>>> print(open('work09.txt').read())   # compact mmCIF, C-alpha atoms and all ligand atoms
# COMPACT_ATOMS: atom_id res chain seq x y z
CA SER S 1 80.45 153.63 83.30
CA ILE S 2 80.90 150.09 84.57
CA ASP S 3 83.83 149.16 86.80
CA ILE S 4 84.58 145.87 85.10
CA ALA S 5 87.36 144.87 87.51
CA SER S 6 85.20 145.20 90.59
CA LEU S 7 82.22 143.51 88.99
CA THR S 8 84.34 140.56 87.90
CA LYS S 9 85.69 140.30 91.45
CA GLN S 10 82.22 140.46 93.00
CA THR S 11 80.95 137.59 90.93
CA GLY S 12 83.82 135.26 91.62
CA HIS S 13 83.61 132.83 88.76
CA THR S 14 81.92 134.85 86.06
CA THR S 15 84.08 136.27 83.28
CA LEU S 16 82.91 139.42 81.55
CA ASP S 17 84.21 139.25 78.00
CA TYR S 18 82.40 141.64 75.66
CA GLY S 19 82.46 140.27 72.13
CA PHE S 20 83.96 136.97 73.38
CA VAL S 21 87.44 138.27 72.62
CA ASN S 22 89.07 135.72 74.92
CA THR S 23 86.40 133.11 75.47
CA ALA S 24 86.27 129.83 73.56
CA SER S 25 82.73 128.54 73.23
CA THR S 26 83.67 125.10 71.96
CA LYS S 27 86.45 122.84 70.81
CA SER S 28 86.39 122.01 67.11
CA ASP S 29 88.20 119.79 64.59
CA ILE S 30 87.09 121.69 61.51
CA THR S 31 89.06 124.87 60.82
CA TYR S 32 92.38 126.17 62.09
CA ILE S 33 93.30 129.86 62.01
CA ASP S 34 96.53 131.48 63.16
CA GLY S 35 95.66 135.17 62.97
CA ASP S 36 99.20 136.39 63.68
CA GLN S 37 100.73 134.33 60.90
CA GLY S 38 97.81 134.69 58.48
CA ILE S 39 97.18 130.93 58.30
CA LEU S 40 93.88 129.27 57.45
CA ARG S 41 93.39 125.50 57.13
CA TYR S 42 90.26 123.44 56.55
CA ARG S 43 90.63 120.06 58.29
CA GLY S 44 94.41 120.58 58.20
CA TYR S 45 94.68 121.49 54.50
CA PRO S 46 96.14 124.97 53.80
CA ILE S 47 93.64 127.24 52.06
CA GLU S 48 96.22 128.05 49.36
CA GLN S 49 96.49 124.35 48.38
CA LEU S 50 92.73 123.92 48.35
CA ALA S 51 92.29 127.09 46.28
CA LYS S 52 94.65 125.74 43.66
CA ASN S 53 93.54 122.13 43.53
CA SER S 54 90.07 121.64 44.95
CA THR S 55 86.49 122.71 44.28
CA TYR S 56 83.68 124.11 46.38
CA LEU S 57 81.77 120.82 46.48
CA GLU S 58 84.87 118.83 47.39
CA VAL S 59 85.62 121.30 50.18
CA ALA S 60 82.00 121.08 51.34
CA TRP S 61 82.42 117.32 51.73
CA LEU S 62 85.79 117.80 53.45
CA LEU S 63 84.32 120.22 56.00
CA ILE S 64 81.22 118.14 56.65
CA TYR S 65 82.75 114.64 56.74
CA GLY S 66 86.33 115.40 57.83
CA GLU S 67 88.28 113.84 54.93
CA LEU S 68 88.63 114.52 51.23
CA PRO S 69 86.08 112.45 49.28
CA SER S 70 87.06 109.65 46.91
CA ALA S 71 86.12 110.26 43.27
CA SER S 72 82.99 108.10 43.63
CA GLU S 73 81.96 109.74 46.91
CA LEU S 74 82.26 113.15 45.29
CA ALA S 75 80.33 112.04 42.21
CA SER S 76 77.46 110.65 44.28
CA PHE S 77 77.41 113.77 46.52
CA ASP S 78 77.18 115.96 43.41
CA GLU S 79 74.45 113.71 41.99
CA ARG S 80 72.39 113.79 45.21
CA ILE S 81 72.65 117.58 45.36
CA ARG S 82 71.48 117.86 41.75
CA ARG S 83 68.46 115.66 42.53
CA HIS S 84 67.35 117.97 45.35
CA THR S 85 67.46 121.36 43.61
CA LEU S 86 63.72 121.74 42.93
CA LEU S 87 61.67 123.93 45.27
CA HIS S 88 58.06 123.01 45.99
CA GLU S 89 55.84 125.09 43.68
CA ASP S 90 54.00 126.51 46.73
CA LEU S 91 57.27 127.72 48.19
CA LYS S 92 57.93 129.55 44.93
CA ARG S 93 54.73 131.50 45.53
CA PHE S 94 56.13 132.57 48.93
CA PHE S 95 58.45 134.94 47.03
CA SER S 96 55.53 136.85 45.55
CA SER S 97 54.31 137.76 49.06
CA LEU S 98 57.53 139.72 49.68
CA PRO S 99 58.10 143.25 48.37
CA PRO S 100 60.35 143.61 45.29
CA THR S 101 62.53 145.96 47.34
CA ALA S 102 63.25 143.22 49.91
CA HIS S 103 66.94 142.73 50.59
CA PRO S 104 67.99 139.35 49.13
CA MET S 105 69.59 138.38 52.46
CA SER S 106 66.23 138.78 54.20
CA VAL S 107 64.59 136.78 51.42
CA LEU S 108 67.21 134.03 51.73
CA SER S 109 66.80 133.78 55.48
CA ALA S 110 62.99 133.90 55.37
CA ALA S 111 62.75 131.30 52.60
CA THR S 112 65.22 129.02 54.41
CA ALA S 113 63.02 129.17 57.51
CA ALA S 114 59.96 128.58 55.30
CA LEU S 115 61.71 125.56 53.74
CA SER S 116 61.60 123.86 57.14
CA THR S 117 57.79 123.81 57.01
CA TYR S 118 58.00 121.34 54.11
CA TYR S 119 60.27 118.94 55.99
CA GLU S 120 59.05 119.16 59.57
CA ALA S 121 58.48 115.41 59.79
CA GLU S 122 62.08 114.79 58.72
CA SER S 123 63.91 117.39 60.77
CA ASP S 124 64.91 115.62 63.96
CA PRO S 125 68.44 116.84 64.80
CA HIS S 126 69.17 113.50 66.45
CA ASN S 127 68.12 111.35 63.52
CA PRO S 128 71.23 110.87 61.31
CA GLU S 129 69.12 110.12 58.23
CA HIS S 130 67.22 113.38 58.63
CA VAL S 131 70.44 115.30 59.20
CA GLU S 132 71.98 113.76 56.07
CA LEU S 133 68.95 114.48 53.95
CA ASN S 134 68.64 118.09 55.11
CA THR S 135 72.35 118.69 54.61
CA VAL S 136 71.91 117.77 50.94
CA ARG S 137 68.60 119.61 50.68
CA MET S 138 70.12 122.83 51.90
CA LEU S 139 73.22 122.62 49.71
CA ALA S 140 70.89 122.03 46.75
CA LYS S 141 68.06 124.46 47.49
CA LEU S 142 69.67 127.51 49.09
CA PRO S 143 71.47 128.50 45.86
CA VAL S 144 68.14 128.23 44.05
CA ILE S 145 66.46 130.42 46.68
CA ALA S 146 69.35 132.89 46.39
CA ALA S 147 68.97 133.07 42.61
CA TYR S 148 65.19 133.54 42.93
CA ALA S 149 65.81 136.40 45.38
CA HIS S 150 67.93 137.99 42.64
CA LYS S 151 65.37 137.33 39.89
CA LYS S 152 62.60 138.72 42.05
CA SER S 153 64.55 141.92 42.72
CA ILE S 154 64.95 142.53 38.98
CA GLY S 155 61.42 141.43 38.09
CA GLN S 156 62.39 138.44 35.93
CA ALA S 157 60.80 134.99 35.80
CA PHE S 158 62.33 132.18 37.85
CA LEU S 159 64.10 129.46 35.88
CA TYR S 160 63.96 125.78 36.77
CA PRO S 161 67.31 124.37 37.86
CA ASP S 162 69.20 122.73 35.00
CA ASN S 163 70.56 119.58 36.56
CA SER S 164 72.68 118.76 33.54
CA LEU S 165 74.95 121.54 34.81
CA GLY S 166 77.44 121.44 37.65
CA PHE S 167 76.73 123.23 40.93
CA VAL S 168 78.25 126.61 40.06
CA ASP S 169 77.02 126.72 36.45
CA ASN S 170 73.52 125.85 37.54
CA PHE S 171 73.64 128.69 40.05
CA LEU S 172 74.97 131.14 37.45
CA LYS S 173 72.31 130.10 34.95
CA LEU S 174 69.53 130.53 37.54
CA ASN S 175 70.81 134.07 38.16
CA PHE S 176 71.69 135.19 34.65
CA GLY S 177 69.77 132.89 32.33
CA VAL S 178 66.64 134.26 30.65
CA LEU S 179 63.70 132.06 29.68
CA SER S 180 63.78 132.94 25.99
CA GLU S 181 67.53 132.55 25.50
CA ILE S 182 70.00 129.69 25.47
CA TYR S 183 72.38 130.10 28.40
CA GLN S 184 76.09 129.97 27.58
CA VAL S 185 78.34 128.67 30.34
CA ASN S 186 81.34 130.94 30.89
CA PRO S 187 84.28 128.91 32.27
CA VAL S 188 85.99 132.06 33.60
CA MET S 189 82.96 132.85 35.76
CA THR S 190 82.61 129.21 36.81
CA LYS S 191 86.19 128.98 38.03
CA ALA S 192 86.15 132.37 39.74
CA LEU S 193 82.85 131.83 41.56
CA ASP S 194 83.83 128.31 42.60
CA LEU S 195 87.02 129.74 44.14
CA LEU S 196 85.22 132.55 45.95
CA LEU S 197 82.61 130.19 47.38
CA MET S 198 85.36 127.85 48.55
CA LEU S 199 87.33 130.64 50.23
CA HIS S 200 84.24 131.51 52.27
CA ALA S 201 83.34 127.93 53.17
CA ASP S 202 84.30 128.06 56.85
CA HIS S 203 85.99 130.35 59.32
CA GLU S 204 85.61 128.68 62.71
CA GLN S 205 83.61 130.47 65.42
CA ASN S 206 82.74 133.77 63.69
CA ALA S 207 79.48 135.55 64.57
CA SER S 208 77.23 133.71 62.10
CA THR S 209 78.71 130.28 62.82
CA SER S 210 78.44 130.87 66.55
CA THR S 211 74.81 131.84 65.94
CA VAL S 212 74.20 128.60 64.05
CA ARG S 213 75.76 126.60 66.90
CA LEU S 214 73.89 128.54 69.58
CA VAL S 215 70.51 128.08 67.90
CA GLY S 216 71.38 124.42 67.27
CA SER S 217 72.25 123.97 70.96
CA THR S 218 68.57 124.52 71.83
CA GLY S 219 67.58 121.48 69.76
CA ALA S 220 66.29 123.62 66.89
CA ASN S 221 66.61 121.98 63.48
CA GLN S 222 69.12 122.71 60.69
CA PHE S 223 66.78 125.02 58.77
CA ALA S 224 66.10 127.19 61.84
CA SER S 225 69.80 127.32 62.76
CA ILE S 226 71.00 128.19 59.25
CA SER S 227 68.25 130.78 58.78
CA ALA S 228 69.45 132.52 61.97
CA GLY S 229 73.06 132.29 60.76
CA ILE S 230 72.10 134.06 57.52
CA GLN S 231 70.63 136.94 59.52
CA ALA S 232 73.79 137.18 61.64
CA LEU S 233 75.92 137.25 58.50
CA SER S 234 73.93 140.13 57.03
CA GLY S 235 75.40 142.77 59.36
CA PRO S 236 77.92 145.25 57.86
CA LEU S 237 80.57 144.29 60.43
CA HIS S 238 80.36 140.67 59.21
CA GLY S 239 79.33 139.38 55.76
CA GLY S 240 77.53 142.60 54.92
CA ALA S 241 80.96 144.23 54.66
CA ASN S 242 81.40 143.05 51.04
CA GLU S 243 78.37 145.11 50.04
CA ALA S 244 79.55 148.01 52.21
CA VAL S 245 82.99 147.99 50.51
CA LEU S 246 81.49 148.57 47.07
CA GLN S 247 79.20 151.28 48.43
CA MET S 248 82.22 152.94 50.06
CA LEU S 249 84.27 152.79 46.84
CA GLY S 250 81.32 154.13 44.83
CA ARG S 251 80.85 157.02 47.26
CA ILE S 252 84.54 157.97 47.09
CA ARG S 253 84.45 157.90 43.29
CA ASP S 254 81.21 159.87 43.02
CA SER S 255 82.13 162.49 45.60
CA GLY S 256 85.44 163.24 43.92
CA GLU S 257 87.07 163.11 47.35
CA SER S 258 90.72 162.06 47.26
CA VAL S 259 91.62 158.68 48.72
CA GLU S 260 94.01 160.43 51.13
CA ARG S 261 91.21 162.65 52.43
CA PHE S 262 88.91 159.65 52.91
CA VAL S 263 91.62 157.83 54.87
CA GLU S 264 92.05 160.93 57.05
CA ARG S 265 88.34 160.86 57.83
CA VAL S 266 88.60 157.17 58.76
CA LYS S 267 91.52 157.91 61.07
CA ASN S 268 89.61 160.78 62.70
CA LYS S 269 86.65 158.39 63.16
CA GLU S 270 84.39 161.01 61.60
CA GLN S 271 80.82 159.87 62.25
CA GLY S 272 82.12 156.36 62.82
CA VAL S 273 83.38 156.10 59.23
CA LYS S 274 85.50 152.97 58.79
CA LEU S 275 87.57 151.52 56.02
CA MET S 276 85.17 148.71 55.16
CA GLY S 277 86.82 145.42 54.23
CA PHE S 278 89.71 146.20 56.55
CA GLY S 279 90.40 144.71 59.97
CA HIS S 280 89.49 141.39 61.48
CA ARG S 281 88.95 140.08 64.97
CA VAL S 282 91.32 137.17 64.41
CA TYR S 283 93.71 138.19 61.62
CA LYS S 284 96.34 140.64 62.78
CA ASN S 285 98.18 139.99 59.54
CA TYR S 286 97.08 139.85 55.90
CA ASP S 287 93.96 137.66 55.62
CA PRO S 288 95.19 134.71 53.45
CA ARG S 289 91.83 134.67 51.66
CA ALA S 290 92.18 138.35 50.73
CA LYS S 291 95.53 137.57 49.07
CA LEU S 292 93.91 134.89 46.91
CA VAL S 293 90.91 137.09 46.07
CA LYS S 294 93.15 139.98 45.10
CA GLU S 295 95.09 137.75 42.67
CA SER S 296 91.84 136.44 41.27
CA ALA S 297 90.36 139.95 40.82
CA ASP S 298 93.00 140.92 38.25
CA GLU S 299 92.72 137.58 36.42
CA VAL S 300 88.93 137.57 36.29
CA LEU S 301 88.51 141.15 35.17
CA ASP S 302 91.13 140.59 32.46
CA ALA S 303 89.52 137.36 31.29
CA LEU S 304 86.04 138.89 31.25
CA GLY S 305 87.39 141.93 29.44
CA VAL S 306 86.11 144.25 32.18
CA SER S 307 88.05 147.22 33.43
CA ASP S 308 86.70 148.73 36.62
CA PRO S 309 88.12 151.92 38.10
CA LEU S 310 86.81 150.74 41.48
CA LEU S 311 89.48 148.01 41.47
CA ASP S 312 92.17 150.65 40.97
CA LEU S 313 90.59 152.71 43.73
CA ALA S 314 90.58 149.70 46.08
CA LYS S 315 94.26 149.06 45.36
CA GLU S 316 95.12 152.70 45.97
CA LEU S 317 93.22 152.64 49.28
CA GLU S 318 95.02 149.47 50.35
CA GLN S 319 98.42 150.90 49.47
CA ILE S 320 97.83 154.10 51.42
CA ALA S 321 96.36 152.26 54.43
CA LEU S 322 99.17 149.70 54.62
CA GLU S 323 101.77 152.47 54.79
CA ASP S 324 99.87 154.48 57.41
CA ASP S 325 100.74 154.29 61.13
CA TYR S 326 97.07 154.27 62.19
CA PHE S 327 96.50 150.97 60.36
CA LYS S 328 99.96 149.56 61.15
CA GLU S 329 99.60 150.14 64.90
CA ARG S 330 96.17 148.53 64.96
CA ARG S 331 97.32 145.75 62.64
CA LEU S 332 94.51 146.39 60.16
CA TYR S 333 94.83 144.61 56.81
CA PRO S 334 92.36 143.86 54.02
CA ASN S 335 90.01 141.02 54.91
CA VAL S 336 88.29 138.61 52.51
CA ASP S 337 85.56 141.16 51.76
CA PHE S 338 87.84 143.89 50.43
CA TYR S 339 88.20 142.62 46.85
CA THR S 340 85.32 140.16 46.42
CA GLY S 341 82.77 142.82 45.50
CA VAL S 342 84.78 143.98 42.51
CA ILE S 343 84.72 140.42 41.12
CA TYR S 344 81.03 139.86 41.84
CA LYS S 345 80.29 143.17 40.13
CA ALA S 346 82.31 142.15 37.06
CA MET S 347 80.25 138.94 36.90
CA GLY S 348 77.07 140.99 36.81
CA PHE S 349 75.77 140.55 40.35
CA PRO S 350 74.11 143.62 41.87
CA THR S 351 75.70 144.88 45.09
CA ARG S 352 72.78 143.64 47.19
CA MET S 353 73.55 140.04 46.16
CA PHE S 354 77.14 140.10 47.46
CA THR S 355 76.37 138.97 51.00
CA VAL S 356 74.03 136.30 49.64
CA LEU S 357 77.01 134.89 47.72
CA PHE S 358 78.97 134.88 50.97
CA ALA S 359 76.13 132.95 52.61
CA ILE S 360 76.10 130.30 49.87
CA GLY S 361 79.87 130.01 50.29
CA ARG S 362 79.62 129.71 54.08
CA LEU S 363 76.81 127.15 54.02
CA PRO S 364 79.05 124.02 54.14
CA GLY S 365 80.85 125.45 57.17
CA TRP S 366 77.60 126.18 58.99
CA LEU S 367 76.34 122.67 58.23
CA ALA S 368 79.61 121.08 59.37
CA GLN S 369 79.74 123.14 62.57
CA TRP S 370 76.09 122.42 63.36
CA ARG S 371 76.70 118.69 62.92
CA GLU S 372 79.84 118.78 65.04
CA ALA S 373 77.98 120.56 67.84
CA ILE S 374 75.00 118.19 67.70
CA THR S 375 77.18 115.09 67.91
CA ASP S 376 79.53 116.41 70.62
CA PRO S 377 78.37 114.84 73.91
CA GLN S 378 79.71 117.89 75.72
CA THR S 379 77.46 120.34 73.90
CA LYS S 380 75.05 122.09 76.27
CA ILE S 381 72.46 124.69 75.55
CA GLY S 382 74.36 127.96 75.00
CA ARG S 383 73.44 130.30 77.80
CA PRO S 384 75.87 133.18 78.56
CA GLN S 385 75.95 134.74 82.01
CA GLN S 386 75.55 138.46 82.65
CA LEU S 387 76.68 140.96 85.24
CA TYR S 388 73.59 142.76 86.44
CA THR S 389 74.10 146.54 86.66
CA GLY S 390 70.49 147.70 87.01
CA ALA S 391 68.45 149.04 89.93
CA ALA S 392 68.46 147.30 93.33
CA GLU S 393 65.11 145.98 94.59
CA ARG S 394 62.54 148.80 94.91
CA ASN S 395 58.84 149.06 95.57
CA TYR S 396 56.16 149.61 92.94
CA PRO S 397 54.60 153.07 93.50
CA GLY S 398 52.00 152.89 96.29
CA VAL S 399 53.22 149.57 97.70
N1 LIG S 401 88.63 151.05 59.74
C1 LIG S 401 89.14 151.93 60.64
N2 LIG S 401 89.45 151.60 61.90
C2 LIG S 401 89.25 150.33 62.28
C3 LIG S 401 88.72 149.35 61.39
C4 LIG S 401 88.40 149.75 60.07
N3 LIG S 401 87.91 148.89 59.19
N4 LIG S 401 88.61 148.17 62.03
C5 LIG S 401 89.06 148.40 63.27
N5 LIG S 401 89.45 149.69 63.42
C6 LIG S 401 90.03 150.32 64.62
C7 LIG S 401 88.96 150.52 65.70
O1 LIG S 401 88.34 151.76 65.58
C8 LIG S 401 89.82 150.40 66.95
O2 LIG S 401 90.53 151.61 67.10
P1 LIG S 401 90.85 152.22 68.58
O3 LIG S 401 91.76 151.25 69.22
O4 LIG S 401 91.42 153.55 68.30
O5 LIG S 401 89.51 152.31 69.28
C9 LIG S 401 90.84 149.32 66.60
O6 LIG S 401 90.98 149.39 65.18
C10 LIG S 401 90.42 147.92 67.00
O7 LIG S 401 89.19 147.63 66.37
P2 LIG S 401 87.98 146.87 67.03
O8 LIG S 401 86.71 147.39 66.45
O9 LIG S 401 88.12 146.88 68.52
O10 LIG S 401 88.26 145.39 66.52
P3 LIG S 401 87.23 144.18 66.52
O11 LIG S 401 88.03 142.95 66.53
O12 LIG S 401 86.20 144.35 67.58
O13 LIG S 401 86.45 144.35 65.11
C11 LIG S 401 85.93 144.21 62.83
C12 LIG S 401 86.76 143.64 63.99
C13 LIG S 401 84.44 144.25 63.22
C14 LIG S 401 86.07 143.29 61.62
C15 LIG S 401 86.44 145.64 62.49
O14 LIG S 401 87.80 145.58 62.08
C16 LIG S 401 85.58 146.31 61.43
O15 LIG S 401 84.56 146.91 61.77
N6 LIG S 401 85.99 146.23 60.12
C17 LIG S 401 85.19 146.81 59.05
C18 LIG S 401 84.05 145.89 58.69
C19 LIG S 401 84.51 144.66 57.97
O16 LIG S 401 85.28 144.70 57.02
N7 LIG S 401 83.97 143.51 58.42
C20 LIG S 401 84.24 142.21 57.81
C21 LIG S 401 84.98 141.33 58.78
S1 LIG S 401 85.51 139.86 58.02
C22 LIG S 401 84.12 138.95 57.81
O17 LIG S 401 83.17 138.98 58.52
C23 LIG S 401 84.19 138.10 56.69
>>> encode(input="work09.txt", output="structure tokens")
Amino acid sequence: SIDIASLTKQTGHTTLDYGFVNTASTKSDITYIDGDQGILRYRGYPIEQLAKNSTYLEVAWLLIYGELPSASELASFDERIRRHTLLHEDLKRFFSSLPPTAHPMSVLSAATAALSTYYEAESDPHNPEHVELNTVRMLAKLPVIAAYAHKKSIGQAFLYPDNSLGFVDNFLKLNFGVLSEIYQVNPVMTKALDLLLMLHADHEQNASTSTVRLVGSTGANQFASISAGIQALSGPLHGGANEAVLQMLGRIRDSGESVERFVERVKNKEQGVKLMGFGHRVYKNYDPRAKLVKESADEVLDALGVSDPLLDLAKELEQIALEDDYFKERRLYPNVDFYTGVIYKAMGFPTRMFTVLFAIGRLPGWLAQWREAITDPQTKIGRPQQLYTGAAERNYPGV
């Protein structure tokens, strides 16, 4: 085992901080979190006010440009995004080279990286026109890629984007529309998905955003940085938790195990079993996004006429955990991922698409953070130090 205290002393100025628990990597004007109070603000605006009054696209503008857009700014942003939704036909063929079993997060990341090959001549991170254009391109095209990843996984034909529709409806149609049928917009789904995307839009220096900034600090372009961020998000301790929550709930239901017994196994850390969707590095209080998602879950399921025993199971789990000393002492509360899966499922998304939806939600934050880092004169290439604990110098055999 490593004697951290003595190593830190030996190295003088180097701080060893596994998981960056105490180390700020940047200053930022974008998102404020107070984890003890359960506060989240985008550019100063409380998430609760935005959830009630704003939209995903408006919040995207707010995060990227720092202020709420005027009506005409928002209309032209929306219009520009609609104009950029088409994927090059050759890029569409890229999907057929991937196996149908491919995880949609891998497909999203790979196709985002592949997208950069079409825009190499216009991808200079220090050219504001390129940055602007690729910001819009990614907001327009990543939802299309995400929907194609879904269509591919179920073996259905890709639809062309319908640019007469708003951002969320277009995305829903690309996922759930079928070539031979007229697609009916469902306002309940539109409102619910818009809210969920907005709630995920930024969360300061989390693992995927830090990845985006780190890759960007090397001078790599937006496509490369965002593609890496998508991979970072896919892990079950990060965005992948929303998929893991539904799998956990399904396993409890199918095994017939009581919720109390499952919680006991979590507390005993049996084979590393965790209560997925619980706990957060920053929130030591109820995640404000989880509160909003929980309210929305009841509303959406009611409005869609869906009743899902997994929602009741999730509520029961939460109730038991919140009253249990293990969770109280460690200040573990539901995070944003705990209830989202139940809503996505009610909308008709397969479990493997849940983290992709998170990625589409988080995209404006990644873009805003990448731009902030690129334009900050103090940004340097990210290059953490290490404390070397390996062998001292030794001779190669025979030397
Ligand atoms: N279930 C059971 N115990 C937990 C959980 C959990 N979900 N989360 C933390 N703990 C326990 C740990 O075992 C540890 O216990 P110990 O002190 O006895 O060793 C203690 O609480 C502190 O936990 P850490 O893992 O040190 O906290 P950290 O800040 O490093 O991890 C994390 C945060 C990764 C989110 C963790 O809570 C977790 O794994 N949660 C489940 C996965 C999840 O929901 N991830 C989504 C995060 S939010 C997001 O990315 C959108």
>>> residues_near_ligand(input="work09.txt", ligand="ligand LIG 401 (chain S)", cutoff="8 Å", atoms="only C-alpha atoms and all ligand atoms", output="ChimeraX atom specification")
/S:19,21,200,206-207,233,236-242,245,266-267,269,273-282,327,330-332,334-338
>>> residues_around(input="work09.txt", residues="S:Phe349", least_positions_apart="3", cutoff="12 Å", atoms="only C-alpha atoms", output="list of chain:residue names")
S:Pro104, S:Ala146, S:Ala147, S:Ala149, S:His150, S:Lys151, S:Ser153, S:Ile154, S:Leu172, S:Asn175, S:Phe176, S:Met189, S:Leu193, S:Glu243, S:Leu246, S:Thr340, S:Gly341, S:Val342, S:Ile343, S:Tyr344, S:Lys345, S:Ala346, S:Arg352, S:Met353, S:Phe354, S:Thr355, S:Val356, S:Leu357
>>> write_last_selection(input="work09.txt", atoms="C-alpha atoms", output="PDB file, keeping the file's coordinate frame")
ATOM      1  CA  PRO S 104      67.990 139.350  49.130  1.00  0.00           C
ATOM      2  CA  ALA S 146      69.350 132.890  46.390  1.00  0.00           C
ATOM      3  CA  ALA S 147      68.970 133.070  42.610  1.00  0.00           C
ATOM      4  CA  ALA S 149      65.810 136.400  45.380  1.00  0.00           C
ATOM      5  CA  HIS S 150      67.930 137.990  42.640  1.00  0.00           C
ATOM      6  CA  LYS S 151      65.370 137.330  39.890  1.00  0.00           C
ATOM      7  CA  SER S 153      64.550 141.920  42.720  1.00  0.00           C
ATOM      8  CA  ILE S 154      64.950 142.530  38.980  1.00  0.00           C
ATOM      9  CA  LEU S 172      74.970 131.140  37.450  1.00  0.00           C
ATOM     10  CA  ASN S 175      70.810 134.070  38.160  1.00  0.00           C
ATOM     11  CA  PHE S 176      71.690 135.190  34.650  1.00  0.00           C
ATOM     12  CA  MET S 189      82.960 132.850  35.760  1.00  0.00           C
ATOM     13  CA  LEU S 193      82.850 131.830  41.560  1.00  0.00           C
ATOM     14  CA  GLU S 243      78.370 145.110  50.040  1.00  0.00           C
ATOM     15  CA  LEU S 246      81.490 148.570  47.070  1.00  0.00           C
ATOM     16  CA  THR S 340      85.320 140.160  46.420  1.00  0.00           C
ATOM     17  CA  GLY S 341      82.770 142.820  45.500  1.00  0.00           C
ATOM     18  CA  VAL S 342      84.780 143.980  42.510  1.00  0.00           C
ATOM     19  CA  ILE S 343      84.720 140.420  41.120  1.00  0.00           C
ATOM     20  CA  TYR S 344      81.030 139.860  41.840  1.00  0.00           C
ATOM     21  CA  LYS S 345      80.290 143.170  40.130  1.00  0.00           C
ATOM     22  CA  ALA S 346      82.310 142.150  37.060  1.00  0.00           C
ATOM     23  CA  ARG S 352      72.780 143.640  47.190  1.00  0.00           C
ATOM     24  CA  MET S 353      73.550 140.040  46.160  1.00  0.00           C
ATOM     25  CA  PHE S 354      77.140 140.100  47.460  1.00  0.00           C
ATOM     26  CA  THR S 355      76.370 138.970  51.000  1.00  0.00           C
ATOM     27  CA  VAL S 356      74.030 136.300  49.640  1.00  0.00           C
ATOM     28  CA  LEU S 357      77.010 134.890  47.720  1.00  0.00           C
TER      29      LEU S 357
END
>>> closest_residue(input="work09.txt", among="S:Met347, S:Glu122, S:Gly155, S:Gly305", to="S:Thr101", atoms="only C-alpha atoms")
S:Gly155
>>> atom_distance(input="work09.txt", atom1="atom CA of S:Tyr118", atom2="atom CA of S:Trp370")
20.3 Å
>>> closest_atom_pairs(input="work09.txt", of="stretch 100-188 of chain S", to="stretch 57-68 of chain S", cutoff="12 Å", atoms="only C-alpha atoms", output="tab-separated table")
residue	atom	partner	partner_atom	distance
S:Val131	CA	S:Ile64	CA	11.4
S:Glu132	CA	S:Ile64	CA	10.2
S:Thr135	CA	S:Ile64	CA	9.1
S:Val136	CA	S:Trp61	CA	10.5
S:Leu139	CA	S:Ala60	CA	9.1
S:Ala140	CA	S:Leu57	CA	11.0
S:Gly166	CA	S:Leu57	CA	9.9
S:Phe167	CA	S:Leu57	CA	7.9
S:Val168	CA	S:Leu57	CA	9.3
>>> atom_distance(input="work09.txt", atom1="atom CA of S:Ala24", atom2="atom CA of S:Pro384")
12.0 Å
>>> residues_around(input="work09.txt", residues="S:Glu204", least_positions_apart="6", cutoff="10 Å", atoms="all atoms listed in the file", output="PDB file with C-alpha atoms, in the frame of the given file")
ATOM      1  CA  SER S  28      86.390 122.010  67.110  1.00  0.00           C
ATOM      2  CA  ASP S  29      88.200 119.790  64.590  1.00  0.00           C
ATOM      3  CA  ILE S  30      87.090 121.690  61.510  1.00  0.00           C
ATOM      4  CA  THR S  31      89.060 124.870  60.820  1.00  0.00           C
ATOM      5  CA  TYR S  32      92.380 126.170  62.090  1.00  0.00           C
ATOM      6  CA  ILE S  33      93.300 129.860  62.010  1.00  0.00           C
ATOM      7  CA  LEU S  40      93.880 129.270  57.450  1.00  0.00           C
ATOM      8  CA  TYR S  42      90.260 123.440  56.550  1.00  0.00           C
ATOM      9  CA  SER S 210      78.440 130.870  66.550  1.00  0.00           C
ATOM     10  CA  GLY S 365      80.850 125.450  57.170  1.00  0.00           C
ATOM     11  CA  TRP S 366      77.600 126.180  58.990  1.00  0.00           C
ATOM     12  CA  GLN S 369      79.740 123.140  62.570  1.00  0.00           C
TER      13      GLN S 369
END
>>> residues_around(input="work09.txt", residues="stretch 295-297 of chain S", least_positions_apart="4", cutoff="7 Å", atoms="all atoms listed in the file", output="number ranges by chain")
S: 291, 301, 339, 343
>>> closest_residue(input="work09.txt", among="S:Glu372, S:Glu181, S:Glu73, S:Glu260", to="S:Glu316", atoms="all atoms listed in the file")
S:Glu260
>>> closest_residue(input="work09.txt", among="S:Val300, S:Ala224, S:Asn186, S:Arg213", to="S:Thr117", atoms="only C-alpha atoms")
S:Ala224
>>> atom_distance(input="work09.txt", atom1="atom CA of S:Gly229", atom2="atom CA of S:Gln37")
27.7 Å
>>> closest_residue(input="work09.txt", among="S:Arg93, S:Asp194, S:Lys141, S:Ser116", to="S:Ile81", atoms="all atoms listed in the file")
S:Lys141
>>> closest_residue(input="work09.txt", among="S:Arg394, S:Arg362, S:Arg383, S:Arg82", to="S:Leu196", atoms="only C-alpha atoms")
S:Arg362
>>> residues_around(input="work09.txt", residues="S:Thr112", least_positions_apart="5", cutoff="10 Å", atoms="all atoms listed in the file", output="PyMOL selection string")
chain S and resi 106-107+117+138+141-142+145-146+222-228+230
>>> closest_residue(input="work09.txt", among="S:Leu16, S:Leu249, S:Ala201, S:Leu387", to="S:Pro364", atoms="only C-alpha atoms")
S:Ala201
>>> residues_near_point(input="work09.txt", point="(62.4, 132.0, 30.7)", cutoff="9 Å", atoms="all atoms listed in the file", output="PyMOL selection string")
chain S and resi 156-160+177-181
